[in-house]
Every structure is written in structure tokens, then in C-alpha cells.
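Participant: Just one file: upload-v3.cif, with mmCIF, N, CA and C atoms.
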```cif
data_target
loop_
_atom_site.label_atom_id
_atom_site.label_comp_id
_atom_site.auth_asym_id
_atom_site.auth_seq_id
_atom_site.Cartn_x
_atom_site.Cartn_y
_atom_site.Cartn_z
N MET U 7 10.69 23.48 103.85
CA MET U 7 9.94 22.27 103.68
C MET U 7 9.05 22.39 102.45
N SER U 8 8.68 21.29 101.88
CA SER U 8 7.86 21.26 100.67
C SER U 8 6.42 21.64 101.00
N GLU U 9 5.72 22.18 100.00
CA GLU U 9 4.33 22.56 100.24
C GLU U 9 3.41 21.34 100.29
N PHE U 10 3.87 20.21 99.79
CA PHE U 10 3.11 18.97 99.87
C PHE U 10 3.77 18.09 100.93
N SER U 11 3.08 17.84 102.01
CA SER U 11 3.68 17.09 103.12
C SER U 11 3.68 15.59 102.88
N SER U 12 2.70 15.08 102.17
CA SER U 12 2.67 13.64 101.92
C SER U 12 2.43 13.39 100.43
N PRO U 13 2.75 12.20 99.96
CA PRO U 13 2.54 11.89 98.54
C PRO U 13 1.08 11.98 98.13
N SER U 14 0.17 11.75 99.03
CA SER U 14 -1.25 11.81 98.67
C SER U 14 -1.72 13.25 98.44
N ASP U 15 -0.99 14.26 98.95
CA ASP U 15 -1.36 15.66 98.75
C ASP U 15 -0.90 16.20 97.39
N ARG U 16 0.01 15.50 96.77
CA ARG U 16 0.54 15.97 95.47
C ARG U 16 -0.50 15.79 94.38
N PRO U 17 -0.56 16.74 93.47
CA PRO U 17 -1.51 16.58 92.36
C PRO U 17 -1.03 15.45 91.44
N GLU U 18 -1.98 14.70 90.92
CA GLU U 18 -1.63 13.60 90.03
C GLU U 18 -1.32 14.16 88.64
N PRO U 19 -0.31 13.61 87.98
CA PRO U 19 -0.03 14.06 86.61
C PRO U 19 -1.20 13.66 85.71
N HIS U 20 -1.44 14.51 84.72
CA HIS U 20 -2.55 14.26 83.80
C HIS U 20 -2.22 13.09 82.90
N ALA U 21 -3.07 12.10 82.90
CA ALA U 21 -2.85 10.91 82.07
C ALA U 21 -3.59 11.10 80.75
N TYR U 22 -2.88 10.88 79.65
CA TYR U 22 -3.47 11.01 78.33
C TYR U 22 -3.83 9.64 77.81
N SER U 23 -5.02 9.52 77.26
CA SER U 23 -5.41 8.26 76.65
C SER U 23 -4.84 8.19 75.24
N GLU U 24 -4.88 7.02 74.67
CA GLU U 24 -4.37 6.83 73.30
C GLU U 24 -5.20 7.65 72.32
N GLN U 25 -6.50 7.77 72.56
CA GLN U 25 -7.36 8.57 71.69
C GLN U 25 -6.97 10.04 71.74
N ASP U 26 -6.65 10.55 72.93
CA ASP U 26 -6.23 11.95 73.06
C ASP U 26 -4.96 12.21 72.26
N VAL U 27 -4.04 11.28 72.35
CA VAL U 27 -2.78 11.44 71.63
C VAL U 27 -3.02 11.39 70.12
N GLN U 28 -3.83 10.43 69.66
CA GLN U 28 -4.12 10.32 68.23
C GLN U 28 -4.84 11.56 67.70
N ARG U 29 -5.78 12.09 68.49
CA ARG U 29 -6.50 13.30 68.08
C ARG U 29 -5.55 14.48 67.96
N GLU U 30 -4.65 14.60 68.94
CA GLU U 30 -3.68 15.70 68.92
C GLU U 30 -2.74 15.59 67.73
N VAL U 31 -2.30 14.38 67.43
CA VAL U 31 -1.41 14.16 66.29
C VAL U 31 -2.12 14.51 64.99
N SER U 32 -3.37 14.09 64.84
CA SER U 32 -4.10 14.38 63.60
C SER U 32 -4.35 15.89 63.45
N GLU U 33 -4.60 16.59 64.55
CA GLU U 33 -4.77 18.05 64.48
C GLU U 33 -3.48 18.73 64.05
N LEU U 34 -2.36 18.26 64.59
CA LEU U 34 -1.06 18.83 64.22
C LEU U 34 -0.72 18.55 62.76
N GLN U 35 -1.10 17.38 62.25
CA GLN U 35 -0.87 17.06 60.85
C GLN U 35 -1.69 17.97 59.95
N LYS U 36 -2.93 18.25 60.33
CA LYS U 36 -3.76 19.16 59.54
C LYS U 36 -3.16 20.56 59.51
N GLN U 37 -2.69 21.03 60.67
CA GLN U 37 -2.06 22.35 60.73
C GLN U 37 -0.79 22.39 59.90
N SER U 38 -0.02 21.33 59.91
CA SER U 38 1.21 21.26 59.14
C SER U 38 0.90 21.29 57.64
N ALA U 39 -0.13 20.57 57.22
CA ALA U 39 -0.50 20.58 55.80
C ALA U 39 -0.97 21.95 55.37
N THR U 40 -1.72 22.63 56.24
CA THR U 40 -2.18 23.99 55.93
C THR U 40 -1.00 24.93 55.81
N ALA U 41 -0.03 24.83 56.71
CA ALA U 41 1.16 25.67 56.65
C ALA U 41 1.95 25.39 55.38
N ALA U 42 2.02 24.15 54.97
CA ALA U 42 2.75 23.80 53.75
C ALA U 42 2.09 24.42 52.53
N ARG U 43 0.76 24.44 52.51
CA ARG U 43 0.06 25.05 51.37
C ARG U 43 0.22 26.57 51.38
N ILE U 44 0.20 27.17 52.55
CA ILE U 44 0.32 28.63 52.62
C ILE U 44 1.69 29.09 52.15
N PHE U 45 2.74 28.37 52.56
CA PHE U 45 4.10 28.78 52.23
C PHE U 45 4.67 28.02 51.04
N ASP U 46 3.81 27.59 50.14
CA ASP U 46 4.26 26.94 48.92
C ASP U 46 5.07 27.95 48.11
N LEU U 47 6.25 27.55 47.64
CA LEU U 47 7.13 28.48 46.92
C LEU U 47 6.51 28.99 45.64
N ARG U 48 5.65 28.20 45.02
CA ARG U 48 5.01 28.68 43.79
C ARG U 48 4.14 29.90 44.06
N ARG U 49 3.50 29.94 45.21
CA ARG U 49 2.67 31.09 45.57
C ARG U 49 3.53 32.33 45.79
N ILE U 50 4.64 32.14 46.49
CA ILE U 50 5.52 33.27 46.80
C ILE U 50 6.19 33.79 45.53
N ILE U 51 6.75 32.89 44.73
CA ILE U 51 7.44 33.30 43.50
C ILE U 51 6.44 33.92 42.52
N GLY U 52 5.30 33.27 42.35
CA GLY U 52 4.29 33.80 41.43
C GLY U 52 3.78 35.16 41.85
N GLY U 53 3.52 35.32 43.14
CA GLY U 53 3.04 36.61 43.63
C GLY U 53 4.06 37.72 43.45
N LEU U 54 5.33 37.42 43.73
CA LEU U 54 6.36 38.44 43.56
C LEU U 54 6.57 38.80 42.09
N PHE U 55 6.56 37.81 41.21
CA PHE U 55 6.73 38.11 39.78
C PHE U 55 5.55 38.93 39.25
N VAL U 56 4.34 38.64 39.70
CA VAL U 56 3.19 39.43 39.26
C VAL U 56 3.32 40.87 39.78
N LEU U 57 3.68 41.01 41.04
CA LEU U 57 3.82 42.35 41.63
C LEU U 57 4.89 43.17 40.89
N TYR U 58 6.08 42.59 40.74
CA TYR U 58 7.16 43.32 40.06
C TYR U 58 6.86 43.49 38.57
N GLY U 59 6.16 42.52 37.99
CA GLY U 59 5.77 42.65 36.59
C GLY U 59 4.85 43.83 36.35
N VAL U 60 3.91 44.04 37.27
CA VAL U 60 3.01 45.19 37.16
C VAL U 60 3.80 46.49 37.26
N ILE U 61 4.73 46.54 38.21
CA ILE U 61 5.53 47.76 38.41
C ILE U 61 6.38 48.06 37.17
N VAL U 62 7.05 47.03 36.65
CA VAL U 62 7.93 47.25 35.49
C VAL U 62 7.11 47.54 34.24
N THR U 63 5.95 46.91 34.09
CA THR U 63 5.09 47.20 32.94
C THR U 63 4.61 48.65 32.97
N ILE U 64 4.23 49.13 34.13
CA ILE U 64 3.80 50.54 34.26
C ILE U 64 4.98 51.46 33.92
N ALA U 65 6.18 51.08 34.38
CA ALA U 65 7.36 51.89 34.04
C ALA U 65 7.59 51.88 32.54
N GLY U 66 7.36 50.74 31.89
CA GLY U 66 7.54 50.66 30.43
C GLY U 66 6.51 51.46 29.67
N ILE U 67 5.29 51.50 30.16
CA ILE U 67 4.23 52.28 29.50
C ILE U 67 4.52 53.77 29.61
N THR U 68 5.08 54.18 30.75
CA THR U 68 5.32 55.61 30.97
C THR U 68 6.71 56.07 30.54
N ASP U 69 7.51 55.16 29.94
CA ASP U 69 8.85 55.56 29.48
C ASP U 69 8.75 56.62 28.39
N ASP U 70 9.72 57.55 28.40
CA ASP U 70 9.77 58.55 27.33
C ASP U 70 10.64 58.01 26.19
N GLN U 71 10.68 58.74 25.11
CA GLN U 71 11.39 58.30 23.92
C GLN U 71 12.90 58.20 24.16
N ALA U 72 13.43 59.02 25.03
CA ALA U 72 14.87 58.98 25.31
C ALA U 72 15.27 57.64 25.94
N ALA U 73 14.44 57.11 26.83
CA ALA U 73 14.74 55.82 27.44
C ALA U 73 14.63 54.69 26.42
N ILE U 74 13.69 54.81 25.50
CA ILE U 74 13.54 53.79 24.45
C ILE U 74 14.73 53.85 23.49
N ASP U 75 15.16 55.07 23.12
CA ASP U 75 16.32 55.22 22.24
C ASP U 75 17.59 54.69 22.90
N LYS U 76 17.68 54.84 24.21
CA LYS U 76 18.85 54.37 24.95
C LYS U 76 18.96 52.84 24.87
N ALA U 77 17.82 52.15 24.74
CA ALA U 77 17.79 50.69 24.64
C ALA U 77 17.71 50.25 23.18
N GLN U 78 18.23 51.05 22.26
CA GLN U 78 18.28 50.76 20.83
C GLN U 78 16.89 50.54 20.23
N GLY U 79 15.95 51.35 20.67
CA GLY U 79 14.61 51.35 20.08
C GLY U 79 13.67 50.30 20.65
N VAL U 80 14.09 49.57 21.66
CA VAL U 80 13.23 48.54 22.27
C VAL U 80 12.74 49.05 23.62
N ASN U 81 11.44 48.97 23.83
CA ASN U 81 10.89 49.35 25.13
C ASN U 81 11.11 48.19 26.09
N ILE U 82 12.34 48.11 26.62
CA ILE U 82 12.76 46.95 27.41
C ILE U 82 11.96 46.81 28.69
N ASN U 83 11.57 47.90 29.31
CA ASN U 83 10.77 47.82 30.53
C ASN U 83 9.41 47.19 30.26
N LEU U 84 8.80 47.56 29.16
CA LEU U 84 7.49 47.02 28.81
C LEU U 84 7.58 45.52 28.55
N TRP U 85 8.54 45.10 27.74
CA TRP U 85 8.67 43.69 27.42
C TRP U 85 9.09 42.84 28.63
N THR U 86 9.98 43.38 29.43
CA THR U 86 10.39 42.66 30.63
C THR U 86 9.22 42.54 31.61
N GLY U 87 8.45 43.60 31.77
CA GLY U 87 7.29 43.58 32.66
C GLY U 87 6.25 42.58 32.20
N ILE U 88 6.00 42.52 30.89
CA ILE U 88 5.04 41.55 30.36
C ILE U 88 5.55 40.12 30.60
N GLY U 89 6.85 39.91 30.38
CA GLY U 89 7.43 38.59 30.64
C GLY U 89 7.31 38.19 32.10
N MET U 90 7.56 39.12 32.99
CA MET U 90 7.45 38.84 34.42
C MET U 90 6.00 38.54 34.80
N LEU U 91 5.08 39.29 34.24
CA LEU U 91 3.65 39.02 34.49
C LEU U 91 3.27 37.62 34.04
N LEU U 92 3.70 37.24 32.84
CA LEU U 92 3.36 35.92 32.32
C LEU U 92 3.97 34.81 33.18
N LEU U 93 5.21 35.00 33.60
CA LEU U 93 5.84 33.99 34.45
C LEU U 93 5.13 33.88 35.80
N GLY U 94 4.77 35.01 36.40
CA GLY U 94 4.05 34.99 37.67
C GLY U 94 2.70 34.33 37.54
N ILE U 95 1.99 34.63 36.47
CA ILE U 95 0.68 34.01 36.24
C ILE U 95 0.84 32.51 36.02
N PHE U 96 1.91 32.10 35.31
CA PHE U 96 2.18 30.68 35.13
C PHE U 96 2.34 29.97 36.47
N PHE U 97 3.12 30.55 37.38
CA PHE U 97 3.32 29.93 38.70
C PHE U 97 2.00 29.83 39.46
N LEU U 98 1.19 30.87 39.41
CA LEU U 98 -0.08 30.86 40.14
C LEU U 98 -1.08 29.87 39.54
N VAL U 99 -1.10 29.76 38.21
CA VAL U 99 -1.98 28.78 37.56
C VAL U 99 -1.51 27.37 37.88
N TRP U 100 -0.19 27.17 37.88
CA TRP U 100 0.37 25.87 38.23
C TRP U 100 -0.03 25.48 39.65
N LEU U 101 0.02 26.43 40.55
CA LEU U 101 -0.38 26.18 41.94
C LEU U 101 -1.86 25.80 42.00
N LYS U 102 -2.69 26.47 41.22
CA LYS U 102 -4.13 26.21 41.24
C LYS U 102 -4.45 24.84 40.63
N LEU U 103 -3.75 24.48 39.54
CA LEU U 103 -4.05 23.22 38.87
C LEU U 103 -3.45 22.01 39.59
N ARG U 104 -2.30 22.18 40.22
CA ARG U 104 -1.62 21.08 40.92
C ARG U 104 -1.32 21.49 42.36
N PRO U 105 -2.33 21.57 43.23
CA PRO U 105 -2.08 22.00 44.61
C PRO U 105 -1.25 20.96 45.37
N THR U 106 -0.69 21.40 46.47
CA THR U 106 0.08 20.51 47.33
C THR U 106 -0.86 19.45 47.90
N PRO U 107 -0.54 18.16 47.70
CA PRO U 107 -1.45 17.13 48.21
C PRO U 107 -1.41 17.09 49.74
N PRO U 108 -2.58 16.87 50.36
CA PRO U 108 -2.60 16.77 51.82
C PRO U 108 -1.89 15.50 52.27
N THR U 109 -1.30 15.56 53.44
CA THR U 109 -0.62 14.39 53.96
C THR U 109 -1.66 13.39 54.46
N VAL U 110 -1.43 12.14 54.16
CA VAL U 110 -2.33 11.07 54.58
C VAL U 110 -1.75 10.44 55.83
N PRO U 111 -2.49 10.44 56.94
CA PRO U 111 -1.96 9.83 58.16
C PRO U 111 -1.79 8.33 57.97
N GLU U 112 -0.74 7.79 58.55
CA GLU U 112 -0.49 6.36 58.46
C GLU U 112 -1.47 5.61 59.35
N VAL U 113 -2.02 4.52 58.82
CA VAL U 113 -2.97 3.70 59.57
C VAL U 113 -2.26 2.40 59.94
N THR U 114 -2.25 2.13 61.21
CA THR U 114 -1.64 0.89 61.68
C THR U 114 -2.73 -0.11 62.02
N ALA U 115 -2.33 -1.34 62.28
CA ALA U 115 -3.30 -2.39 62.61
C ALA U 115 -4.05 -2.06 63.90
N GLU U 116 -3.42 -1.32 64.80
CA GLU U 116 -4.07 -0.96 66.06
C GLU U 116 -5.19 0.06 65.85
N ASP U 117 -5.09 0.86 64.77
CA ASP U 117 -6.11 1.88 64.50
C ASP U 117 -7.37 1.29 63.90
N LEU U 118 -7.27 0.12 63.28
CA LEU U 118 -8.42 -0.48 62.61
C LEU U 118 -9.36 -1.09 63.65
N PRO U 119 -10.67 -1.08 63.38
CA PRO U 119 -11.61 -1.69 64.32
C PRO U 119 -11.40 -3.22 64.36
N ASP U 120 -11.74 -3.79 65.48
CA ASP U 120 -11.55 -5.24 65.68
C ASP U 120 -12.56 -5.99 64.81
N GLN U 121 -12.06 -6.81 63.88
CA GLN U 121 -12.93 -7.55 62.97
C GLN U 121 -13.47 -8.84 63.58
N SER U 122 -12.86 -9.32 64.66
CA SER U 122 -13.28 -10.60 65.25
C SER U 122 -14.60 -10.49 66.01
N ALA U 123 -15.05 -9.29 66.31
CA ALA U 123 -16.30 -9.10 67.08
C ALA U 123 -17.53 -9.37 66.21
N GLU U 124 -17.38 -9.37 64.90
CA GLU U 124 -18.54 -9.54 64.03
C GLU U 124 -18.93 -10.96 63.86
#
```
How does the structure come out when it is put into C-alpha cells?

Facilitator:
Amino acid sequence: MSEFSSPSDRPEPHAYSEQDVQREVSELQKQSATAARIFDLRRIIGGLFVLYGVIVTIAGITDDQAAIDKAQGVNINLWTGIGMLLLGIFFLVWLKLRPTPPTVPEVTAEDLPDQSAE
């Protein structure tokens, strides 16, 4: 047999008001916008290029003459590392100057205050 013998013993389902739903939706939109800014590809690409650029630049600075002679007299690690650093910095500056715009919630006629009361 059921643990609730009559319908009056059953717990009532939680009723959500329109305000509760709107508040929850706006909170989720804010979290979504924050996640979009965190995982912006410019941040990821720029960070990786800066990281690898530092590593390759250090390798180019510490290269011996035999490695430079092998590349026909060009310190390819140094130049490639500097290029990677510049590209990574470009992506990060681009992110800083043109951030991801926040999403603007849609406003419907029901959301606006009643103008006839004035």
C-alpha cells in the first residue's frame, strides 16, 4: 500500500511564481555570459601561443652554434619564439580591447510596468 493513504496527506508540489522563474532565468543568463567570457577562444589561443613562445624563445637563446649552422645561419628557434610571443600577445590584447559583449535579456510587454496606473 502507498505511504500516503489519502490525497490530502500527499505533499503539494512546489508552485513557482513568474518572478521566481524570471529571476532564475536571469541568473542562468549571467552564468552563461561568464562562461562564454572564460572560454573565449582568443584567451585560450593567446595563452598557448605566449606559453609556447616563451619556451621556444628560451630554446633559441640557448641554442649552440651547431644548431644555428644547421638552419643555414638563422636562429630559427629564436625568431619563431618571438613570432609566437607576438601573436599570443596580439590575441590577448584583442581580447582586452574587444571583450565578449554580455547578453541582453529580452524584454517583453509583460515585463514592463503597467503605464495605465499613472

Participant: On this structure, which residues satisfy the PyMOL selection byres (((chain U and resi 67 and name CA) around 10) and name CA), written as a ChimeraX atom specification?

Facilitator: /U:62-66,68-70,81,83-85,87

Participant: Here is a test: counting only C-alpha atoms, which residue of U:Glu30, U:Asp75, U:Asp46, U:Glu24 is nearest to U:Leu101?

Facilitator: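 Of all the options, U:Asp46 lies closest to U:Leu101.
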
Participant: Just so the selection is clear, what residues does the PyMOL selection byres ((chain U and resi 52) around 6) cover here, as an NGL selection string?

Facilitator: :U and (47-51 or 53-57 or 93-95 or 97-98)

Participant: Which value, in Å to one decimal, gives the distance between atom CA of U:Val27 and atom CA of U:Phe45?

Facilitator: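 Those two atoms sit 26.9 Å apart.
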
Participant: What lies within 12 Å of U:Gln71 using only C-alpha atoms, ignoring chain neighbours under 6 positions off, as JSON, numbers by chain?

Facilitator: {"U": [77, 78, 79, 80, 81, 82]}
